[in-house]
Amino acid sequence: MSDLKKIANNMRKNIVKMVHNAQSGHPGGSLSCADILTVLYFRIMNINKNNLHDVKRDKFVLSKGHASPAIYAVLAEKGFIPQEEVMTYRLINSRLQGHPNMKDCPGVDMSTGSLGQGLSVAVGMSLANKLDNNDFRTYVLLGDGECDEGMVWEAAMAAAHYKLDNLLAIVDHNGLQIDGKNDDVMKNAPLGEKFAAFGWNVFGVDGHDMDAIEAACKAAELVKGKPTVIIAETIKGKGVSFMENQVGWHGKAPNDEQLAIALNDLGGND
C-alpha cells in the first residue's frame with residue numbers, strides 16, 4: 001500500500017471510530033472525500049506546521065462542513081492536532097465539534113456547516129489574494145447535493161467574472177444526499193457542463209484515484225483567466241462494505257458490531 005493510500009485508510013478508520021464514539025456524525029460523505037483530502041494536504045497545498053498561522057499560504061474551505069470527521073482526520077495525519085484528540089469529536093468542550101470552527105481548531109481556515117456558503121468564502125479569499133498580489137491558492141470542497149443551493153451558482157458566476165484562476169473547487173460527486181439520490185431530490189446534473197456554462201474550466205476524475213486527482217490539481221495550476229472545478233466521482237461510504245452507496249449512512253453512527261465490521265473492512269484496528 002502506498003504512503004498516500006495508508007494515510008487515507010488511517011483517516012477512514014478514524015472517521016468511523018470518532019463517529020461511533022460520539023454516536024453522532026456524518027460518516028458517508030466523510031469517507032467519500034478521504035482520498036481527495038489526502039491528495040490536497042500531502043501533495044498539493046502549501047500548508048505545514050511552520051506556516052499554519054501565516055497569511056501567505058494556501059487555504060482550504062470544507063464547504064460541506066458536516067463532513068468534519070474527514071477534516072479532523074487529515075489534520076491529525078498532518079500533525080496539526082494530536083491523533084488521540086480525534087476521539088473527542090462532538091464531546092462537550094472539545095475543539096472538534098460537528099461542524100469545524102476556525103477559532104478553535106488549528107488548520108481549519110473557515111467555520112462551515114450552512115451548505116452553499118463555502119464557495120462564496122473561497123471566492124472572497126481568492127479575490128483578496130489577487131488584490132494583495134499573493135500567489136497562494138484557495139481550495140474548496142463541495143458536496144454534490146450542496147450544489148442544489150442557489151448561492152453556489154452566484155459564487156460560481158462571481159469567480160468567473162473576476163477571473164479567479166487561483167481558485168480550485170472540487171465537487172465530491174457521490175450521487176447521494178440526506179434525503180436520497182440527487183436525481184430524485186433535485187436533479188442538478190450535469191454539473192460539469194453547468195460550471196462550464198458559468199465560465200469555469202472543468203476536469204472530471206475518479207475521486208478515489210489519487211494519481212488522477214493530483215494530476216488534475218496540478219493541471220488546474222496552469223489554467224489562466226478562469227477558475228477550475230474538478231468533478232470527482234466518488235462512492236458514499238467508501239471502504240466500508242455496508243455503508244457504500246447507502247444513503248442511510250449519510251448521518252448515522254455505527255453500533256459496536258458495525259464498527260468492528262467497518263474496521264475489519266479497512267484492514268483492522270491498528
# chains A, B, ... in the order shown; residues from 1 in each chain; ligands from 1
>>> select_by_dssp(residues="region 37-203 of chain A", states="strand (DSSP E)", output="list of chain:residue names")
A:Lys59, A:Phe60, A:Val61, A:Leu62, A:Thr138, A:Tyr139, A:Val140, A:Leu141, A:Leu142, A:Gly143, A:Leu167, A:Leu168, A:Ala169, A:Ile170, A:Val171, A:Asp172, A:His173, A:Leu176, A:Gln177, A:Gly180, A:Lys181, A:Asn201, A:Val202, A:Phe203
>>> write_last_selection(atoms="C-alpha atoms", output="PDB file, in the first residue's frame")
ATOM      1  CA  LYS A  59      -6.164  27.914   2.175  1.00  0.00           C
ATOM      2  CA  PHE A  60      -8.786  25.169   2.301  1.00  0.00           C
ATOM      3  CA  VAL A  61     -12.538  25.532   2.843  1.00  0.00           C
ATOM      4  CA  LEU A  62     -14.628  22.460   3.675  1.00  0.00           C
ATOM      5  CA  THR A 138      -7.649  28.625  -2.412  1.00  0.00           C
ATOM      6  CA  TYR A 139      -9.171  25.141  -2.438  1.00  0.00           C
ATOM      7  CA  VAL A 140     -12.789  24.366  -1.614  1.00  0.00           C
ATOM      8  CA  LEU A 141     -14.596  21.027  -1.340  1.00  0.00           C
ATOM      9  CA  LEU A 142     -18.318  20.979  -2.090  1.00  0.00           C
ATOM     10  CA  GLY A 143     -20.889  18.234  -1.829  1.00  0.00           C
ATOM     11  CA  LEU A 167      -9.328  29.114  -7.071  1.00  0.00           C
ATOM     12  CA  LEU A 168      -9.890  25.361  -7.338  1.00  0.00           C
ATOM     13  CA  ALA A 169     -13.229  23.845  -6.381  1.00  0.00           C
ATOM     14  CA  ILE A 170     -13.695  20.097  -6.047  1.00  0.00           C
ATOM     15  CA  VAL A 171     -17.161  18.533  -6.031  1.00  0.00           C
ATOM     16  CA  ASP A 172     -17.462  15.275  -4.083  1.00  0.00           C
ATOM     17  CA  HIS A 173     -19.882  13.698  -6.544  1.00  0.00           C
ATOM     18  CA  LEU A 176     -26.471  10.861  -2.667  1.00  0.00           C
ATOM     19  CA  GLN A 177     -27.635  13.454  -0.154  1.00  0.00           C
ATOM     20  CA  GLY A 180     -31.935  10.282  -1.164  1.00  0.00           C
ATOM     21  CA  LYS A 181     -30.458  10.233  -4.656  1.00  0.00           C
ATOM     22  CA  ASN A 201     -12.522  25.263 -16.558  1.00  0.00           C
ATOM     23  CA  VAL A 202     -13.719  21.729 -15.779  1.00  0.00           C
ATOM     24  CA  PHE A 203     -11.956  18.431 -15.136  1.00  0.00           C
TER      25      PHE A 203
END
>>> residues_around(residues="Lys236 (chain A)", least_positions_apart="4", cutoff="12 Å", atoms="only C-alpha atoms", output="PyMOL selection string")
chain A and resi 26-34+67+143-144+172-178+180-181+207-208+232+240-251
>>> atom_distance(atom1="CA of Leu222 (chain A)", atom2="CA of Asp165 (chain A)")
8.7 Å
>>> atom_distance(atom1="CA of Lys238 (chain A)", atom2="CA of Leu263 (chain A)")
12.5 Å
>>> closest_residue(among="A:Ile15, A:Ile7, A:Ala197, A:Ile36", to="Asp211 (chain A)", atoms="only C-alpha atoms")
A:Ile36
>>> closest_residue(among="A:Asn93, A:Asn9, A:Asn255, A:Asn269", to="Glu77 (chain A)", atoms="only C-alpha atoms")
A:Asn9
>>> decode(residues="region 54-103 of chain A", atoms="N, CA and C atoms", output="JSON list (two decimals), in the first residue's frame")
[["chain", "number", "residue", "atom", "x", "y", "z"],
["A", 54, "ASP", "N", 0.36, 31.60, 9.00],
["A", 54, "ASP", "CA", 0.84, 32.59, 8.05],
["A", 54, "ASP", "C", -0.25, 32.90, 7.02],
["A", 55, "VAL", "N", -0.49, 34.17, 6.79],
["A", 55, "VAL", "CA", -1.47, 34.56, 5.77],
["A", 55, "VAL", "C", -1.02, 34.09, 4.39],
["A", 56, "LYS", "N", 0.27, 34.04, 4.19],
["A", 56, "LYS", "CA", 0.81, 33.70, 2.88],
["A", 56, "LYS", "C", 1.02, 32.20, 2.75],
["A", 57, "ARG", "N", -0.08, 31.49, 2.63],
["A", 57, "ARG", "CA", -0.08, 30.06, 2.35],
["A", 57, "ARG", "C", -1.39, 29.72, 1.68],
["A", 58, "ASP", "N", -1.47, 28.51, 1.13],
["A", 58, "ASP", "CA", -2.72, 28.04, 0.54],
["A", 58, "ASP", "C", -3.78, 27.87, 1.62],
["A", 59, "LYS", "N", -5.05, 28.05, 1.24],
["A", 59, "LYS", "CA", -6.16, 27.91, 2.17],
["A", 59, "LYS", "C", -7.13, 26.83, 1.68],
["A", 60, "PHE", "N", -7.80, 26.19, 2.64],
["A", 60, "PHE", "CA", -8.79, 25.17, 2.30],
["A", 60, "PHE", "C", -10.09, 25.44, 3.02],
["A", 61, "VAL", "N", -11.20, 25.36, 2.28],
["A", 61, "VAL", "CA", -12.54, 25.53, 2.84],
["A", 61, "VAL", "C", -13.33, 24.24, 2.64],
["A", 62, "LEU", "N", -13.75, 23.63, 3.75],
["A", 62, "LEU", "CA", -14.63, 22.46, 3.68],
["A", 62, "LEU", "C", -16.06, 22.96, 3.62],
["A", 63, "SER", "N", -16.55, 23.21, 2.41],
["A", 63, "SER", "CA", -17.89, 23.77, 2.29],
["A", 63, "SER", "C", -18.94, 22.81, 2.84],
["A", 64, "LYS", "N", -18.76, 21.52, 2.58],
["A", 64, "LYS", "CA", -19.67, 20.51, 3.15],
["A", 64, "LYS", "C", -19.22, 20.22, 4.59],
["A", 65, "GLY", "N", -19.51, 21.19, 5.46],
["A", 65, "GLY", "CA", -18.96, 21.18, 6.80],
["A", 65, "GLY", "C", -19.38, 20.00, 7.66],
["A", 66, "HIS", "N", -20.49, 19.34, 7.31],
["A", 66, "HIS", "CA", -20.90, 18.18, 8.08],
["A", 66, "HIS", "C", -19.93, 17.01, 7.92],
["A", 67, "ALA", "N", -19.04, 17.09, 6.91],
["A", 67, "ALA", "CA", -18.01, 16.06, 6.74],
["A", 67, "ALA", "C", -16.79, 16.38, 7.61],
["A", 68, "SER", "N", -17.03, 17.00, 8.74],
["A", 68, "SER", "CA", -15.94, 17.39, 9.65],
["A", 68, "SER", "C", -15.07, 16.21, 10.09],
["A", 69, "PRO", "N", -15.60, 14.98, 10.26],
["A", 69, "PRO", "CA", -14.68, 13.90, 10.62],
["A", 69, "PRO", "C", -13.53, 13.75, 9.64],
["A", 70, "ALA", "N", -13.77, 14.03, 8.37],
["A", 70, "ALA", "CA", -12.72, 13.90, 7.37],
["A", 70, "ALA", "C", -11.64, 14.96, 7.56],
["A", 71, "ILE", "N", -12.04, 16.21, 7.83],
["A", 71, "ILE", "CA", -11.04, 17.26, 8.00],
["A", 71, "ILE", "C", -10.26, 17.03, 9.28],
["A", 72, "TYR", "N", -10.92, 16.60, 10.35],
["A", 72, "TYR", "CA", -10.19, 16.32, 11.59],
["A", 72, "TYR", "C", -9.22, 15.16, 11.40],
["A", 73, "ALA", "N", -9.63, 14.17, 10.63],
["A", 73, "ALA", "CA", -8.76, 13.01, 10.39],
["A", 73, "ALA", "C", -7.51, 13.41, 9.62],
["A", 74, "VAL", "N", -7.65, 14.28, 8.61],
["A", 74, "VAL", "CA", -6.47, 14.68, 7.84],
["A", 74, "VAL", "C", -5.60, 15.64, 8.63],
["A", 75, "LEU", "N", -6.19, 16.49, 9.47],
["A", 75, "LEU", "CA", -5.40, 17.38, 10.31],
["A", 75, "LEU", "C", -4.57, 16.58, 11.31],
["A", 76, "ALA", "N", -5.13, 15.47, 11.79],
["A", 76, "ALA", "CA", -4.38, 14.60, 12.69],
["A", 76, "ALA", "C", -3.22, 13.93, 11.95],
["A", 77, "GLU", "N", -3.47, 13.51, 10.70],
["A", 77, "GLU", "CA", -2.40, 12.89, 9.91],
["A", 77, "GLU", "C", -1.27, 13.88, 9.63],
["A", 78, "LYS", "N", -1.62, 15.16, 9.48],
["A", 78, "LYS", "CA", -0.61, 16.20, 9.25],
["A", 78, "LYS", "C", 0.11, 16.61, 10.53],
["A", 79, "GLY", "N", -0.41, 16.22, 11.67],
["A", 79, "GLY", "CA", 0.20, 16.59, 12.93],
["A", 79, "GLY", "C", -0.23, 17.94, 13.46],
["A", 80, "PHE", "N", -1.29, 18.51, 12.88],
["A", 80, "PHE", "CA", -1.80, 19.79, 13.37],
["A", 80, "PHE", "C", -2.56, 19.64, 14.68],
["A", 81, "ILE", "N", -3.16, 18.47, 14.87],
["A", 81, "ILE", "CA", -3.81, 18.14, 16.13],
["A", 81, "ILE", "C", -3.32, 16.74, 16.53],
["A", 82, "PRO", "N", -3.30, 16.41, 17.82],
["A", 82, "PRO", "CA", -2.86, 15.08, 18.25],
["A", 82, "PRO", "C", -3.81, 13.99, 17.74],
["A", 83, "GLN", "N", -3.25, 12.84, 17.37],
["A", 83, "GLN", "CA", -4.07, 11.73, 16.89],
["A", 83, "GLN", "C", -5.15, 11.36, 17.90],
["A", 84, "GLU", "N", -4.80, 11.36, 19.19],
["A", 84, "GLU", "CA", -5.77, 10.94, 20.20],
["A", 84, "GLU", "C", -6.92, 11.93, 20.35],
["A", 85, "GLU", "N", -6.73, 13.16, 19.88],
["A", 85, "GLU", "CA", -7.78, 14.17, 20.05],
["A", 85, "GLU", "C", -9.00, 13.88, 19.18],
["A", 86, "VAL", "N", -8.82, 13.12, 18.11],
["A", 86, "VAL", "CA", -9.97, 12.87, 17.24],
["A", 86, "VAL", "C", -11.09, 12.15, 17.99],
["A", 87, "MET", "N", -10.73, 11.43, 19.05],
["A", 87, "MET", "CA", -11.75, 10.71, 19.80],
["A", 87, "MET", "C", -12.55, 11.62, 20.74],
["A", 88, "THR", "N", -12.24, 12.92, 20.74],
["A", 88, "THR", "CA", -13.06, 13.89, 21.49],
["A", 88, "THR", "C", -14.14, 14.49, 20.59],
["A", 89, "TYR", "N", -14.22, 14.00, 19.35],
["A", 89, "TYR", "CA", -15.19, 14.53, 18.38],
["A", 89, "TYR", "C", -16.60, 14.65, 18.97],
["A", 90, "ARG", "N", -17.16, 15.83, 18.88],
["A", 90, "ARG", "CA", -18.52, 16.17, 19.31],
["A", 90, "ARG", "C", -18.74, 16.07, 20.82],
["A", 91, "LEU", "N", -17.69, 15.88, 21.60],
["A", 91, "LEU", "CA", -17.84, 15.87, 23.05],
["A", 91, "LEU", "C", -17.86, 17.31, 23.58],
["A", 92, "ILE", "N", -18.47, 17.49, 24.72],
["A", 92, "ILE", "CA", -18.55, 18.82, 25.32],
["A", 92, "ILE", "C", -17.13, 19.34, 25.56],
["A", 93, "ASN", "N", -16.93, 20.61, 25.22],
["A", 93, "ASN", "CA", -15.66, 21.32, 25.39],
["A", 93, "ASN", "C", -14.55, 20.86, 24.44],
["A", 94, "SER", "N", -14.86, 19.96, 23.50],
["A", 94, "SER", "CA", -13.87, 19.56, 22.51],
["A", 94, "SER", "C", -13.68, 20.66, 21.47],
["A", 95, "ARG", "N", -12.48, 20.72, 20.90],
["A", 95, "ARG", "CA", -12.23, 21.63, 19.77],
["A", 95, "ARG", "C", -12.83, 21.08, 18.48],
["A", 96, "LEU", "N", -13.20, 19.82, 18.51],
["A", 96, "LEU", "CA", -13.64, 19.13, 17.29],
["A", 96, "LEU", "C", -15.15, 18.90, 17.34],
["A", 97, "GLN", "N", -15.89, 19.91, 16.99],
["A", 97, "GLN", "CA", -17.33, 19.81, 17.03],
["A", 97, "GLN", "C", -17.90, 19.28, 15.71],
["A", 98, "GLY", "N", -19.21, 19.14, 15.65],
["A", 98, "GLY", "CA", -19.86, 18.53, 14.49],
["A", 98, "GLY", "C", -19.63, 19.30, 13.21],
["A", 99, "HIS", "N", -19.41, 20.61, 13.32],
["A", 99, "HIS", "CA", -19.02, 21.43, 12.18],
["A", 99, "HIS", "C", -17.74, 22.17, 12.56],
["A", 100, "PRO", "N", -16.78, 22.28, 11.67],
["A", 100, "PRO", "CA", -15.47, 22.83, 12.02],
["A", 100, "PRO", "C", -15.53, 24.31, 12.39],
["A", 101, "ASN", "N", -14.76, 24.67, 13.41],
["A", 101, "ASN", "CA", -14.71, 26.04, 13.94],
["A", 101, "ASN", "C", -13.30, 26.59, 13.79],
["A", 102, "MET", "N", -13.13, 27.61, 12.98],
["A", 102, "MET", "CA", -11.81, 28.17, 12.70],
["A", 102, "MET", "C", -11.18, 28.83, 13.93],
["A", 103, "LYS", "N", -12.00, 29.18, 14.91],
["A", 103, "LYS", "CA", -11.47, 29.83, 16.11],
["A", 103, "LYS", "C", -10.91, 28.83, 17.11]]
